[in-house]
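Chemist: Enclosed is the structure file query-v6.txt (compact mmCIF, C-alpha atoms).
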# COMPACT_ATOMS: atom_id res chain seq x y z
CA MET A 1029 3.16 41.91 -7.58
CA ALA A 1030 1.89 41.01 -4.15
CA CYS A 1031 2.49 38.15 -1.80
CA LEU A 1032 0.44 37.05 1.17
CA LYS A 1033 2.31 37.08 4.45
CA LEU A 1034 1.31 35.94 7.92
CA VAL A 1035 1.39 38.76 10.45
CA SER A 1036 4.18 36.91 12.25
CA GLU A 1037 6.31 37.21 9.08
CA LEU A 1038 5.95 41.00 8.79
CA ALA A 1039 8.95 43.29 9.13
CA GLU A 1040 9.49 47.04 9.10
CA GLY A 1041 9.81 48.48 5.65
CA MET A 1042 7.33 46.12 3.99
CA ILE A 1043 4.66 47.94 2.02
CA THR A 1044 1.01 46.92 1.94
CA ALA A 1045 -0.26 45.87 -1.46
CA GLU A 1046 -3.91 46.06 -0.45
CA PRO A 1047 -5.96 47.87 2.19
CA ILE A 1048 -6.15 45.91 5.45
CA VAL A 1049 -9.70 45.39 6.62
CA ASN A 1050 -10.75 44.16 10.06
CA ASN A 1051 -13.57 41.77 10.95
CA PHE A 1052 -16.03 44.64 11.07
CA GLY A 1053 -15.27 45.65 7.51
CA GLN A 1054 -13.39 48.81 8.56
CA THR A 1055 -10.22 49.72 6.69
CA ILE A 1056 -7.51 50.00 9.32
CA MET A 1057 -4.60 50.50 6.96
CA PRO A 1058 -4.53 51.69 3.35
CA SER A 1059 -2.60 50.06 0.55
CA GLY A 1060 0.84 51.46 -0.28
CA MET A 1061 1.68 52.08 3.37
CA GLU A 1062 5.12 51.32 4.76
CA MET A 1063 4.92 49.18 7.88
CA LYS A 1064 6.57 50.27 11.10
CA THR A 1065 6.73 48.21 14.28
CA LYS A 1066 3.78 50.07 15.79
CA HIS A 1067 1.64 49.16 12.79
CA ILE A 1068 2.56 45.49 13.05
CA GLU A 1069 1.71 45.51 16.76
CA MET A 1070 -1.64 47.12 15.95
CA LEU A 1071 -2.44 44.37 13.45
CA LYS A 1072 -1.86 41.77 16.14
CA VAL A 1073 -4.22 43.57 18.50
CA TRP A 1074 -6.83 43.52 15.75
CA ASN A 1075 -6.18 39.79 15.34
CA ILE A 1076 -5.42 40.25 11.63
CA GLN A 1077 -3.78 37.08 10.42
CA THR A 1078 -2.61 37.71 6.87
CA VAL A 1079 -1.54 40.80 4.92
CA TYR A 1080 -0.75 41.36 1.24
CA ILE A 1081 2.68 42.87 0.86
CA LYS A 1082 4.20 44.41 -2.28
CA SER A 1083 6.88 42.16 -3.61
CA ASP A 1084 9.50 42.66 -6.30
CA GLU A 1085 10.17 38.94 -6.42
CA ASN A 1086 8.25 36.46 -8.48
CA ASP A 1087 5.16 35.19 -6.73
CA SER A 1088 6.55 31.71 -6.21
CA ASP A 1089 9.96 31.09 -4.74
CA VAL A 1090 10.65 28.30 -7.17
CA GLU A 1091 11.30 28.96 -10.85
CA ILE A 1092 9.16 26.51 -12.78
CA SER A 1093 10.29 25.57 -16.28
CA LYS A 1094 7.94 25.56 -19.24
CA GLU A 1095 8.50 21.85 -19.78
CA ILE A 1096 7.38 20.99 -16.26
CA LEU A 1097 4.31 23.20 -16.60
CA ILE A 1098 3.37 21.47 -19.85
CA GLN A 1099 3.84 18.08 -18.24
CA ALA A 1100 1.78 19.16 -15.22
CA LYS A 1101 -0.98 20.48 -17.45
CA GLU A 1102 -1.20 17.15 -19.23
CA ILE A 1103 -1.34 15.20 -15.97
CA LEU A 1104 -4.09 17.47 -14.67
CA SER A 1105 -6.17 17.22 -17.85
CA LYS A 1106 -6.69 13.49 -17.18
CA LYS A 1107 -8.08 14.19 -13.74
CA CYS A 1108 -9.90 17.38 -14.66
CA PRO A 1109 -11.56 16.83 -18.04
CA TRP A 1110 -13.69 19.98 -18.15
CA GLU A 1111 -12.86 23.30 -19.81
CA PRO A 1112 -12.84 26.48 -17.68
CA ARG A 1113 -15.81 28.70 -18.49
CA ASN A 1114 -14.43 31.95 -17.13
CA VAL A 1115 -11.11 33.45 -16.03
CA LEU A 1116 -11.69 32.48 -12.39
CA GLU A 1117 -12.06 28.81 -13.33
CA GLU A 1118 -8.90 29.18 -15.41
CA ASN A 1119 -7.14 30.44 -12.28
CA VAL A 1120 -8.41 27.44 -10.28
CA VAL A 1121 -7.05 25.10 -12.93
CA GLU A 1122 -3.72 27.00 -12.74
CA LEU A 1123 -3.59 26.18 -9.03
CA GLY A 1124 -3.89 22.53 -9.96
CA ILE A 1125 -1.13 22.81 -12.52
CA LEU A 1126 1.13 24.60 -10.02
CA SER A 1127 0.55 21.87 -7.42
CA ILE A 1128 1.44 19.12 -9.82
CA ALA A 1129 4.46 21.09 -11.06
CA HIS A 1130 5.73 21.52 -7.49
CA ASN A 1131 5.27 17.80 -6.84
CA LEU A 1132 7.19 16.94 -9.99
CA ILE A 1133 10.01 19.27 -8.94
CA ASN A 1134 10.09 17.85 -5.42
CA LYS A 1135 10.12 14.26 -6.64
CA GLY A 1136 12.83 14.98 -9.15
CA GLY A 1137 14.98 17.18 -6.87
CA THR A 1138 17.59 15.97 -4.44
CA ASP A 1139 15.96 17.53 -1.41
CA ALA A 1140 12.36 16.44 -1.35
CA LYS A 1141 10.24 18.28 1.24
CA MET B 1438 -30.83 -0.19 1.59
CA LEU B 1439 -31.13 1.10 5.10
CA SER B 1440 -34.54 1.69 6.56
CA ASN B 1441 -35.30 5.16 7.90
CA GLU B 1442 -35.48 3.69 11.34
CA GLU B 1443 -32.06 2.07 11.11
CA ILE B 1444 -30.51 5.33 9.89
CA TRP B 1445 -32.18 7.26 12.67
CA LEU B 1446 -31.02 4.82 15.34
CA LYS B 1447 -27.45 4.86 14.09
CA VAL B 1448 -27.41 8.68 14.00
CA GLU B 1449 -28.77 8.68 17.56
CA ASP B 1450 -25.87 6.40 18.49
CA PHE B 1451 -23.31 8.68 16.89
CA PRO B 1452 -21.20 10.32 19.60
CA THR B 1453 -22.51 13.53 21.12
CA LEU B 1454 -20.35 16.62 21.42
CA PRO B 1455 -18.54 16.87 24.74
CA THR B 1456 -20.15 18.76 27.61
CA ILE B 1457 -17.63 21.57 27.38
CA TYR B 1458 -19.01 22.51 23.96
CA THR B 1459 -22.69 22.46 24.94
CA LYS B 1460 -21.99 24.40 28.15
CA LEU B 1461 -19.90 26.90 26.16
CA VAL B 1462 -22.77 27.50 23.72
CA GLU B 1463 -25.15 28.06 26.61
CA VAL B 1464 -22.83 30.45 28.42
CA ILE B 1465 -21.98 32.43 25.29
CA SER B 1466 -25.63 32.84 24.34
CA ASN B 1467 -26.07 34.89 27.50
CA PRO B 1468 -25.35 38.53 26.58
CA ARG B 1469 -24.04 39.21 30.10
CA THR B 1470 -21.31 36.61 29.84
CA THR B 1471 -17.79 37.98 30.31
CA VAL B 1472 -14.43 36.73 29.07
CA GLN B 1473 -13.71 35.56 32.62
CA ASP B 1474 -16.92 33.50 32.72
CA VAL B 1475 -15.88 31.66 29.57
CA ALA B 1476 -12.33 31.22 30.89
CA ASP B 1477 -13.67 29.76 34.14
CA LEU B 1478 -15.67 27.22 32.16
CA ILE B 1479 -12.86 26.14 29.88
CA ILE B 1480 -10.23 25.91 32.59
CA LYS B 1481 -12.16 23.02 34.17
CA ASP B 1482 -11.17 20.95 31.12
CA GLN B 1483 -7.39 20.66 31.23
CA SER B 1484 -7.07 19.03 27.83
CA SER B 1485 -9.09 21.74 26.04
CA THR B 1486 -7.21 24.49 27.88
CA THR B 1487 -3.85 23.12 26.77
CA LYS B 1488 -4.96 22.70 23.18
CA ILE B 1489 -6.52 26.15 22.92
CA LEU B 1490 -3.34 27.75 24.25
CA LYS B 1491 -1.32 25.75 21.76
CA ILE B 1492 -3.53 26.95 18.89
CA VAL B 1493 -3.58 30.57 19.96
CA ASN B 1494 0.22 30.61 20.23
CA SER B 1495 0.73 29.02 16.81
CA PRO B 1496 2.01 31.11 13.87
CA ILE B 1497 -1.27 30.75 11.99
CA MET B 1498 -2.95 32.94 14.57
CA GLY B 1499 -0.44 35.75 14.09
CA ILE B 1500 -0.34 36.79 17.73
CA GLN B 1501 3.33 37.32 18.48
CA LYS B 1502 3.13 37.93 22.20
CA SER B 1503 3.07 34.63 23.96
CA VAL B 1504 -0.38 34.02 25.43
CA ASN B 1505 0.05 32.24 28.75
CA ASN B 1506 -3.38 32.04 30.19
CA ILE B 1507 -6.78 31.09 28.94
CA THR B 1508 -8.42 34.41 29.81
CA GLN B 1509 -6.00 36.24 27.54
CA ALA B 1510 -6.51 33.62 24.83
CA ILE B 1511 -10.26 34.12 24.90
CA PHE B 1512 -9.82 37.89 24.78
CA PHE B 1513 -7.69 37.61 21.63
CA LEU B 1514 -9.84 35.00 19.92
CA GLY B 1515 -13.32 36.23 20.72
CA PHE B 1516 -16.25 34.04 21.77
CA ASN B 1517 -17.25 32.83 18.33
CA GLU B 1518 -13.72 31.69 17.53
CA VAL B 1519 -13.37 29.92 20.90
CA LYS B 1520 -16.61 28.06 20.25
CA ASN B 1521 -15.40 27.05 16.80
CA ILE B 1522 -12.03 25.90 18.14
CA VAL B 1523 -13.69 23.71 20.79
CA LEU B 1524 -15.93 22.24 18.07
CA THR B 1525 -12.87 21.61 15.86
CA LEU B 1526 -11.07 19.88 18.75
CA SER B 1527 -14.13 17.71 19.44
CA VAL B 1528 -14.37 16.63 15.81
CA MET B 1529 -10.62 15.97 15.86
CA ASP B 1530 -11.11 13.56 18.78
CA MET B 1531 -13.79 11.76 16.81
CA PHE B 1532 -11.47 11.31 13.85
CA ALA B 1533 -8.72 10.07 16.16
CA ASN B 1534 -11.08 7.46 17.57
CA THR B 1535 -12.17 6.14 14.19
CA ASN B 1536 -10.33 3.28 12.54
CA SER B 1537 -9.17 3.66 8.97
CA ILE B 1538 -10.57 1.40 6.29
CA LYS B 1539 -8.46 -0.31 3.66
CA ALA B 1540 -9.55 2.02 0.89
CA PHE B 1541 -8.40 5.19 2.58
CA ASN B 1542 -6.68 6.42 5.70
CA ILE B 1543 -8.79 8.42 8.13
CA ILE B 1544 -5.85 10.78 8.55
CA ASP B 1545 -6.15 11.71 4.87
CA LEU B 1546 -9.82 12.57 5.42
CA TRP B 1547 -8.86 14.74 8.38
CA LYS B 1548 -6.13 16.47 6.38
CA HIS B 1549 -8.56 17.07 3.54
CA SER B 1550 -10.99 18.65 6.03
CA ILE B 1551 -8.19 20.91 7.26
CA ALA B 1552 -7.33 21.80 3.65
CA VAL B 1553 -10.92 22.80 2.86
CA ALA B 1554 -11.07 24.73 6.14
CA THR B 1555 -7.83 26.59 5.39
CA ILE B 1556 -8.78 27.41 1.80
CA ALA B 1557 -12.30 28.53 2.74
CA LYS B 1558 -10.91 30.86 5.39
CA LEU B 1559 -8.38 32.29 2.95
CA LEU B 1560 -11.11 32.89 0.35
CA ALA B 1561 -13.28 34.59 2.98
CA THR B 1562 -10.39 36.79 4.11
CA LYS B 1563 -9.70 37.89 0.57
CA LEU B 1564 -13.41 38.51 -0.03
CA LYS B 1565 -13.30 40.74 3.08
CA ILE B 1566 -15.96 38.68 4.81
CA ARG B 1567 -16.51 39.00 8.55
CA ASN B 1568 -16.34 35.95 10.80
CA THR B 1569 -13.81 34.07 8.73
CA GLU B 1570 -13.57 31.58 11.61
CA ASP B 1571 -17.01 30.27 10.61
CA TYR B 1572 -15.51 29.40 7.24
CA PHE B 1573 -12.74 27.41 8.87
CA VAL B 1574 -15.06 25.34 11.03
CA SER B 1575 -17.38 24.72 8.05
CA GLY B 1576 -14.45 23.14 6.22
CA ILE B 1577 -13.64 20.97 9.24
CA MET B 1578 -17.23 19.74 9.40
CA HIS B 1579 -18.10 19.37 5.73
CA ASP B 1580 -17.42 15.63 5.37
CA ILE B 1581 -18.57 14.53 8.83
CA GLY B 1582 -21.10 12.23 7.16
CA ILE B 1583 -18.28 10.09 5.80
CA LEU B 1584 -17.09 9.48 9.35
CA PHE B 1585 -20.55 8.07 10.11
CA PHE B 1586 -20.31 5.47 7.35
CA VAL B 1587 -16.73 4.51 8.20
CA ARG B 1588 -17.65 3.97 11.86
CA ASN B 1589 -20.85 2.02 11.24
CA TYR B 1590 -20.46 0.23 7.93
CA ASN B 1591 -16.74 0.02 7.36
CA GLN B 1592 -16.65 -3.14 5.23
CA ILE B 1593 -19.44 -2.04 2.88
CA TYR B 1594 -18.00 1.45 2.69
CA ASN B 1595 -14.63 0.02 1.82
CA ARG B 1596 -16.19 -1.71 -1.18
CA ILE B 1597 -17.96 1.52 -2.15
CA PHE B 1598 -14.64 3.36 -2.17
CA GLU B 1599 -12.98 0.69 -4.25
CA LYS B 1600 -15.85 0.66 -6.74
CA ALA B 1601 -15.84 4.47 -6.97
CA LEU B 1602 -12.19 4.32 -7.98
CA GLU B 1603 -12.64 1.45 -10.45
CA SER B 1604 -15.72 2.75 -12.20
CA ASN B 1605 -15.04 6.47 -11.77
CA VAL B 1606 -18.42 7.17 -10.22
CA SER B 1607 -19.06 9.49 -7.30
CA ILE B 1608 -19.08 8.15 -3.74
CA ALA B 1609 -22.44 9.88 -3.22
CA SER B 1610 -24.14 8.00 -6.05
CA LEU B 1611 -22.92 4.67 -4.67
CA GLU B 1612 -24.02 5.65 -1.15
CA ARG B 1613 -27.47 6.36 -2.51
CA GLU B 1614 -27.52 3.03 -4.33
CA VAL B 1615 -26.34 0.95 -1.40
CA PHE B 1616 -27.67 2.82 1.64
CA GLY B 1617 -30.41 4.94 0.17
CA ILE B 1618 -28.82 8.06 1.62
CA THR B 1619 -25.68 10.15 1.01
CA HIS B 1620 -23.05 11.41 3.43
CA TYR B 1621 -24.34 14.95 2.78
CA SER B 1622 -27.73 14.10 4.28
CA ILE B 1623 -26.23 12.04 7.10
CA GLY B 1624 -23.86 14.91 7.88
CA GLU B 1625 -26.80 17.29 8.05
CA MET B 1626 -28.59 14.92 10.46
CA ILE B 1627 -25.52 14.83 12.69
CA ALA B 1628 -25.21 18.62 12.62
CA LYS B 1629 -28.90 18.84 13.63
CA LYS B 1630 -28.36 16.31 16.42
CA TRP B 1631 -25.48 18.43 17.68
CA LYS B 1632 -27.67 21.55 17.47
CA LEU B 1633 -25.11 23.29 15.31
CA PRO B 1634 -26.05 26.61 13.69
CA MET B 1635 -28.29 26.44 10.65
CA GLN B 1636 -25.59 27.85 8.38
CA LEU B 1637 -23.33 24.89 9.24
CA GLN B 1638 -26.14 22.41 8.56
CA ASN B 1639 -26.67 24.09 5.19
CA VAL B 1640 -23.00 23.86 4.29
CA ILE B 1641 -22.91 20.12 4.93
CA LYS B 1642 -26.15 19.50 3.05
CA TYR B 1643 -25.65 21.80 0.07
CA GLN B 1644 -21.85 21.95 -0.40
CA ARG B 1645 -22.16 19.73 -3.45
CA TYR B 1646 -24.35 22.27 -5.23
CA GLY B 1647 -22.77 25.48 -4.02
CA THR B 1648 -26.22 27.05 -3.57
CA ILE B 1649 -29.13 26.47 -1.22
CA GLU B 1650 -31.74 25.08 -3.62
CA GLY B 1651 -30.81 27.62 -6.23
CA ARG B 1652 -30.56 30.47 -3.74
CA SER B 1653 -27.13 32.04 -3.52
CA ASP B 1654 -25.19 31.73 -0.25
CA THR B 1655 -21.61 32.90 0.11
CA LEU B 1656 -20.61 30.39 2.79
CA VAL B 1657 -21.96 27.41 0.84
CA SER B 1658 -20.35 28.70 -2.37
CA CYS B 1659 -16.99 29.16 -0.65
CA ILE B 1660 -17.01 25.64 0.76
CA HIS B 1661 -17.99 24.32 -2.69
CA LEU B 1662 -15.05 26.21 -4.20
CA ALA B 1663 -12.65 25.33 -1.36
CA ASN B 1664 -13.50 21.64 -1.81
CA LEU B 1665 -12.77 21.93 -5.52
CA ILE B 1666 -9.46 23.70 -4.89
CA ALA B 1667 -8.44 21.11 -2.29
CA GLN B 1668 -9.14 18.32 -4.77
CA ILE B 1669 -7.35 20.05 -7.63
CA MET B 1670 -4.32 20.63 -5.36
CA ASN B 1671 -4.41 16.93 -4.44
CA LEU B 1672 -5.18 17.71 -0.77
CA ASP B 1673 -7.70 14.91 -0.91
CA TYR B 1674 -8.37 11.47 0.59
CA GLN B 1675 -9.46 10.12 -2.78
CA LYS B 1676 -6.42 11.16 -4.76
CA GLU B 1677 -7.32 9.54 -8.05
CA ARG B 1678 -10.87 10.80 -8.32
CA GLU B 1679 -11.99 12.80 -11.29
CA ILE B 1680 -12.69 16.40 -10.39
CA GLU B 1681 -16.25 17.57 -10.95
CA ILE B 1682 -16.91 20.84 -12.71
CA PRO B 1683 -18.04 23.50 -10.20
CA ASN B 1684 -21.55 24.91 -10.18
CA PHE B 1685 -21.27 28.09 -12.25
CA ALA B 1686 -23.71 29.86 -9.91
CA ILE B 1687 -21.01 30.21 -7.24
CA TRP B 1688 -19.38 32.95 -9.29
CA ASN B 1689 -22.41 35.15 -8.60
CA ASN B 1690 -21.14 35.75 -5.11
CA ILE B 1691 -17.45 35.01 -5.41
CA HIS B 1692 -15.59 37.78 -7.23
CA PHE B 1693 -11.84 38.01 -7.62
CA GLU B 1694 -9.55 39.96 -9.92
CA PRO B 1695 -7.99 37.73 -12.58
CA GLY B 1696 -4.86 36.02 -11.33
CA VAL B 1697 -5.62 36.39 -7.63
CA ILE B 1698 -6.74 32.79 -7.14
CA SER B 1699 -3.62 31.53 -8.94
CA SER B 1700 -1.47 33.43 -6.41
CA PHE B 1701 -2.95 31.42 -3.55
CA TYR B 1702 -0.73 28.36 -4.04
CA GLN B 1703 1.99 29.27 -1.54
CA PRO B 1704 -0.29 30.82 1.13
CA ILE B 1705 -2.55 27.75 1.00
CA MET B 1706 0.37 25.33 1.36
CA ASP B 1707 1.97 27.37 4.15
CA ILE B 1708 -1.15 27.74 6.27
CA TYR B 1709 -2.34 24.20 5.50
CA ASN B 1710 0.98 22.66 6.60
CA GLN B 1711 1.03 24.73 9.78
CA SER B 1712 -2.60 23.83 10.56
CA VAL B 1713 -1.97 20.12 10.02
CA SER B 1714 1.00 20.34 12.32
CA ILE B 1715 -0.97 22.09 15.07
CA LEU B 1716 -4.05 19.88 14.71
CA ARG B 1717 -2.14 16.67 14.24
CA LEU B 1718 -4.06 13.49 15.07
CA LYS B 1719 -2.20 11.07 17.29
CA SER B 1720 -1.65 8.11 14.98
Show how you would write the structure in this file as structure tokens.

Modeler:
Amino acid sequence: MACLKLVSELAEGMITAEPIVNNFGQTIMPSGMEMKTKHIEMLKVWNIQTVYIKSDENDSDVEISKEILIQAKEILSKKCPWEPRNVLEENVVELGILSIAHNLINKGGTDAK
Amino acid sequence: MLSNEEIWLKVEDFPTLPTIYTKLVEVISNPRTTVQDVADLIIKDQSSTTKILKIVNSPIMGIQKSVNNITQAIFFLGFNEVKNIVLTLSVMDMFANTNSIKAFNIIDLWKHSIAVATIAKLLATKLKIRNTEDYFVSGIMHDIGILFFVRNYNQIYNRIFEKALESNVSIASLEREVFGITHYSIGEMIAKKWKLPMQLQNVIKYQRYGTIEGRSDTLVSCIHLANLIAQIMNLDYQKEREIEIPNFAIWNNIHFEPGVISSFYQPIMDIYNQSVSILRLKS
């Protein structure tokens, strides 16, 4: 599993999940590489802004229950009446479901963001 | 219906970009221009200098060392990015100087533009495209035509927005019915007036289709997709609108592994929230 981190959030010991490519299309760091301070500094010089890091955690910080996801899916289907035609469109619809699910959680929770 | 002449006159009346932008374009087009030359130009405009430093020092830029002077900022950002930032700041001023209409808040339109900009840049980064900053500024500019209608025809446009919601029809179809022209075409006219690059004019004109008259174009496809994602994530000024199915042709030049797009939720929200905070309009 990978998560996207801003360069300012990087710390030593994190491992790249994907090769890091600069604006010229050159690979400046391979995937599977453990970051040291000097690497992080180099990324800043290259003005790289985001990096995919290997993560053992779930992709989202919040655990979303099946019930909320079902509810979110139903809410979205009213606004988005079309059926996805390929897996990428399915993924886009999933983004919509996740957004609605997060909103439902935030509205229902005691500490709304 | 507006006559061609009336449209043309109103577009002529639309604000021009500030001198700093036009001078910057001129200076940058000279291959002998140095970072110091650009810094010397920008430093004459205190407001732009302050804002650029604020942006370059923000977490979304990922430069940890604090950048204290404009010369250093330009070195880190590069000329193209500096130009795009100045354009973004100019458009931001225009939004700030436009009154909201009853049907929607201009701040929501600005935030939607930032959302599309953020998402487009993220897509471009993941697609390993060069010049991702062009994707950001395309998102900022994509609905500039709407600003035109709000500034010039706010009462009529208000009714158009209300009708769009009631009858679930697109804003563009009502614009065509009432004005004879859509915000896509108006936006393109404004981009031409501002002498913006052709690729930006194309984005504004063709974003709805995702292709340039059937011809594939990655920038236009990404803005088409980013707009869809912004709407589906409710980062929209027209929150109740039905979401249109994307043009299938965009998938010819946008390729992701399954599941990658779904993993964008948190990165989009993080960078979007930070960008809104940095580019906040004074209400």

Chemist: What are the centre and edge lengths in Å, to one decimal, of the axis-aligned box around all listed atoms of segment 1559-1578 of chain B with 3 Å added on each side, as AutoDock Vina command-line options?

Modeler:
--center_x -12.9 --center_y 30.2 --center_z 5.8 --size_x 15.0 --size_y 27.0 --size_z 17.6

Chemist: Rank nothing, just name the residue among B:Val1448, B:Leu1546, B:Leu1514, B:Val1640 nearest to Phe1585 of chain B, using only C-alpha atoms.

Modeler: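 For Phe1585 of chain B, the nearest of the given residues is B:Val1448.
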
Chemist: Env of segment 1095-1103 of chain A: 7 Å cut, atoms = all atoms listed in the file, seq-sep filter 5 positions within chain, self excluded. Answer as number ranges by chain.

Modeler: A: 1125, 1128-1129

Chemist: How many Å separate atom CA of Asp1571 of chain B from atom CA of Arg1469 of chain B?

Modeler: 22.6 Å

Chemist: Mind checking which residues fall within 9 Å of Ile1056 of chain A, counting all atoms listed in the file, ignoring those fewer than 4 positions away in the same chain, and posting them as a PyMOL selection string?

Modeler: chain A and resi 1047-1050+1071

Chemist: Show me, as a ChimeraX atom specification, every residue of chain A with an atom at most 9 Å from chain B, counting only C-alpha atoms.

Modeler: /A:1030-1037,1049-1053,1069,1071-1078,1087-1089,1104,1106-1113,1115-1128
